[in-house]
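Right, one structure below, let's go through it.
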Amino acid sequence: MEQRLKELEQEAIQKVQTASSLKELNDVRVAYLGKKGPITEVLRGMGKLSAEERPKMGALVNEVREHISAEIETKQVALEEQAIQEKLAGETIDVTLPGRPVKVGNHHPLTRVVEEVEDLFISMGYEVAEGPEVETDYYNFEALNLPKGHPARDMQDSFYITEEMLLRTHTSPVQARTMEKHKGKGPVKIICPGKVYRRDSDDATHSHQFTQIEGLVIDRNIQMSDLKGTLNVFAKKMFGEEREIRLRPSFFPFTEPSVEMDISCKICGGSGCNVCKGTGWIEILGAGMVHPNVLEMAGFDPNEYTGFAFGMGPERIAMLKYGIEDIRQYYTNDIRLLRQFAVHE
Ligand code: PHE
């Protein structure tokens with residue numbers, strides 16, 4: 001009997017030691033220490049022993065059981081530790097691996113120009129105004145001193161929606177709308193960026209939809225010199241301190257007198273190149289003193305108030321600033337072009 005116990009003990013310990021998983025270990029426990037196991041069987045056979053041998057054998061059985069239990073316990077701790085180590089090894093994070101770059105978008109060149117112009121004029125006390133892109137004939141033309149049948153309407157081929165509604169051909173209607181809101185009381189100082197539409201055939205320099213930024217100042221004693229000074233600051237801030245400006249007489253029905261502003265060519269510095277077509281000057285915007293009829297129609301007394309207005313094209317400004325050669329590139333949104341305007345602020 002003692003021999004049998006020793007054998008069982010060795011067998012069990014051997015199996016405990018070779019168990020490779022917690023489940024296998026548990027199977028060994030059930031097999032050797034369970035109620036139906038061989039050791040329990042040995043206990044059952046103790047009835048045949050003499051009264052002296054019985055306690056000895058009982059003690060031996062307990063010793064064997066405790067030994068096997070202790071071995072199982074030790075093995076269990078080892079297997080659990082091993083499982084944790086395997087899990088950790090499987091989930092190792094390689095901290096030396098370079099991170100994936102996060103792609104950051106950037107502003108469209110037109111948006112950049114519009115925001116730059118806005119910031120500049122806001123710093124001079126202007127407010128940003130907006131108006132509808134679907135405009136009435138009244139605000140787009142009539143209120144700007146272009147009555148029906150006026151020959152100057154031919155200057156702007158328009159997209160009409162009905163007899164009285166069209167896609168605005170310029171941002172100047174916002175002048176009339178803003179003045180009306182002020183109910184004849186100055187000062188008015190606004191800048192108004194927005195989309196405009198004309199029936200042009202698209203090519204490298206024409207687009208049926210483009211952007212304008214309008215400026216309007218109305219107050220007492222506003223003079224041509226205020227316009228010139230303002231445009232001079234604008235040209236230098238936008239294109240560089242060394243830029244000169246030049247005003248040429250022009251015509252717009254809503255301003256009198258009207259001018260066009262050129263800046264000295266940035267490429268050749270004024271000596272003449274193909275960007276400025278050999279003239280040394282580049283046309284940037286149209287401007288003038290607000291026509292008394294326009295003031296009057298919007299409810300301002302032209303004897304009390306005067307003002308100036310200007311209108312510019314951000315497409316052209318961005319072309320000059322960034323060397324973009326085809327206006328269509330603004331709208332086709334080729335990501336390779338747009339990426340070149342990434343700024344990391
Ligand atoms: N609205 C004019 C245009 O589209 C530009 C302009 C605005 C001229 C304001 C004078 C004053 O060409």
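Here, A, B, ... name the chains of the structure tokens in the order displayed, residue numbers run from 1 inside each chain, and ligands are numbered from 1 in the same displayed order.
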
Contacts to ligand 1 at 6 Å cut-off (only C-alpha atoms and all ligand atoms) as a ChimeraX atom specification: /A:170,172,252,286-288,309-311

Phe141 in chain A: which residues within 12 Å, counting only C-alpha atoms, same-chain residues fewer than 3 positions away excluded, as JSON, numbers by chain? {"A": [135, 136, 137, 138, 144, 145, 146, 147, 148, 149, 150, 151, 152, 153, 154, 155, 156, 158, 164, 165, 166, 167, 168, 169, 170, 171, 172, 173, 174, 175, 176, 252, 253, 254, 294, 297]}

Rounded to one decimal in Å, what is the spacing between CA of Asn106 in chain A and CA of Asp326 in chain A? 20.4 Å

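By only C-alpha atoms, and with residues fewer than 3 positions from Ser207 in chain A along its chain excluded, the set lying at most 12 Å from it is Lys195, Val196, Tyr197, Arg198, Arg199, Asp200, Ser201, Asp202, Asp203, Ala204, Phe210, Thr211, Gly313, Glu315, Arg316, Asp326, Ile327, Arg328, Gln329, Tyr330, Tyr331 and Thr332 of chain A.
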
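The closest residue to Ala83 in chain A, picked from A:Arg54, A:Ser20, A:Ala70, A:Val290 and counting only C-alpha atoms, is A:Ser20.
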
So the first atom is CA of Arg246 in chain A and the second is CA of Ser225 in chain A; what is the distance between them in Å, to one decimal place?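 Taking CA of Arg246 in chain A and CA of Ser225 in chain A, their separation equals 12.8 Å.
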
Would you list the contacts of Ala298 in chain A as a list in words, taking every protein, DNA or RNA residue within 9 Å and counting only C-alpha atoms, but skipping same-chain residues closer than 4 positions in sequence?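 Close residues of Ala298 in chain A: Ala143, Ala176, Arg177, Thr178, Met179, Glu180, Lys181, His182, Lys183, Gly184, Asn293 and Val294 of chain A.
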
With N, CA, C and O atoms kept, could you save the residues just selected as a CSV table (one decimal), in the first residue's frame?
```csv
chain,number,residue,atom,x,y,z
A,143,ALA,N,-30.1,101.0,-58.6
A,143,ALA,CA,-29.7,101.8,-57.5
A,143,ALA,C,-28.2,102.3,-57.6
A,143,ALA,O,-27.7,103.1,-56.9
A,176,ALA,N,-25.4,99.8,-52.1
A,176,ALA,CA,-26.7,100.3,-52.0
A,176,ALA,C,-27.5,99.8,-50.8
A,176,ALA,O,-28.1,100.5,-50.1
A,177,ARG,N,-27.4,98.5,-50.6
A,177,ARG,CA,-28.1,97.8,-49.5
A,177,ARG,C,-27.7,98.3,-48.2
A,177,ARG,O,-28.5,98.6,-47.3
A,178,THR,N,-26.3,98.5,-48.0
A,178,THR,CA,-25.8,98.9,-46.7
A,178,THR,C,-26.2,100.4,-46.4
A,178,THR,O,-26.6,100.7,-45.3
A,179,MET,N,-26.1,101.2,-47.5
A,179,MET,CA,-26.4,102.6,-47.3
A,179,MET,C,-27.9,102.8,-46.9
A,179,MET,O,-28.2,103.5,-46.0
A,180,GLU,N,-28.8,102.0,-47.5
A,180,GLU,CA,-30.2,102.0,-47.1
A,180,GLU,C,-30.4,101.7,-45.7
A,180,GLU,O,-31.2,102.4,-45.0
A,181,LYS,N,-29.6,100.7,-45.2
A,181,LYS,CA,-29.8,100.3,-43.8
A,181,LYS,C,-29.4,101.5,-42.8
A,181,LYS,O,-29.9,101.6,-41.7
A,182,HIS,N,-28.4,102.3,-43.3
A,182,HIS,CA,-28.0,103.4,-42.4
A,182,HIS,C,-29.0,104.6,-42.4
A,182,HIS,O,-28.7,105.5,-41.7
A,183,LYS,N,-30.0,104.5,-43.2
A,183,LYS,CA,-31.1,105.5,-43.2
A,183,LYS,C,-30.5,107.0,-43.3
A,183,LYS,O,-30.9,107.8,-42.4
A,184,GLY,N,-29.6,107.2,-44.2
A,184,GLY,CA,-29.2,108.6,-44.4
A,184,GLY,C,-28.2,109.1,-43.4
A,184,GLY,O,-27.8,110.3,-43.4
A,293,ASN,N,-26.1,110.6,-57.3
A,293,ASN,CA,-27.4,109.9,-57.6
A,293,ASN,C,-27.5,108.7,-56.7
A,293,ASN,O,-28.5,108.3,-56.3
A,294,VAL,N,-26.3,108.0,-56.6
A,294,VAL,CA,-26.3,106.7,-55.8
A,294,VAL,C,-26.6,107.1,-54.3
A,294,VAL,O,-27.4,106.4,-53.7
```

Residue nearest Ile245 in chain A among A:Val117, A:Val95, A:Val275, A:Ile284 (counting only C-alpha atoms):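 Checking each candidate against Ile245 in chain A, we get A:Ile284 as the closest.
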
DSSP says helix (DSSP H, G or I) for which residues of range 278-316 of chain A? Put them as a list in words? Pro292, Asn293, Val294, Leu295, Glu296, Met297, Pro314, Glu315 and Arg316 of chain A

Would you output that residue set with N, CA, C and O atoms, as a JSON list (two decimals), in the first residue's frame?
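Output file selection_5.json is given in full below:
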```
[["chain", "number", "residue", "atom", "x", "y", "z"],
["A", 292, "PRO", "N", -23.37, 111.19, -56.73],
["A", 292, "PRO", "CA", -24.45, 111.79, -55.92],
["A", 292, "PRO", "C", -25.80, 111.11, -56.13],
["A", 292, "PRO", "O", -26.58, 110.97, -55.17],
["A", 293, "ASN", "N", -26.08, 110.65, -57.35],
["A", 293, "ASN", "CA", -27.35, 109.94, -57.59],
["A", 293, "ASN", "C", -27.46, 108.67, -56.74],
["A", 293, "ASN", "O", -28.54, 108.32, -56.25],
["A", 294, "VAL", "N", -26.33, 107.98, -56.58],
["A", 294, "VAL", "CA", -26.31, 106.73, -55.80],
["A", 294, "VAL", "C", -26.58, 107.06, -54.33],
["A", 294, "VAL", "O", -27.37, 106.38, -53.66],
["A", 295, "LEU", "N", -25.93, 108.10, -53.84],
["A", 295, "LEU", "CA", -26.15, 108.53, -52.45],
["A", 295, "LEU", "C", -27.62, 108.87, -52.24],
["A", 295, "LEU", "O", -28.25, 108.39, -51.28],
["A", 296, "GLU", "N", -28.15, 109.63, -53.14],
["A", 296, "GLU", "CA", -29.52, 110.10, -53.02],
["A", 296, "GLU", "C", -30.53, 108.94, -53.05],
["A", 296, "GLU", "O", -31.43, 108.87, -52.21],
["A", 297, "MET", "N", -30.33, 108.03, -54.00],
["A", 297, "MET", "CA", -31.27, 106.89, -54.11],
["A", 297, "MET", "C", -31.25, 106.04, -52.84],
["A", 297, "MET", "O", -32.24, 105.42, -52.49],
["A", 314, "PRO", "N", -10.04, 89.28, -56.02],
["A", 314, "PRO", "CA", -9.05, 88.46, -55.32],
["A", 314, "PRO", "C", -8.33, 87.45, -56.22],
["A", 314, "PRO", "O", -7.17, 87.13, -55.97],
["A", 315, "GLU", "N", -9.01, 86.97, -57.29],
["A", 315, "GLU", "CA", -8.34, 86.02, -58.19],
["A", 315, "GLU", "C", -7.09, 86.66, -58.77],
["A", 315, "GLU", "O", -6.02, 86.05, -58.83],
["A", 316, "ARG", "N", -7.25, 87.91, -59.20],
["A", 316, "ARG", "CA", -6.14, 88.61, -59.82],
["A", 316, "ARG", "C", -5.04, 88.90, -58.78],
["A", 316, "ARG", "O", -3.85, 88.76, -59.06]]
```

May I have the residues within 8 Å of Met1 in chain A as a PyMOL selection string, using only C-alpha atoms and disregarding those fewer than 3 positions away in the same chain? chain A and resi 4-5+42
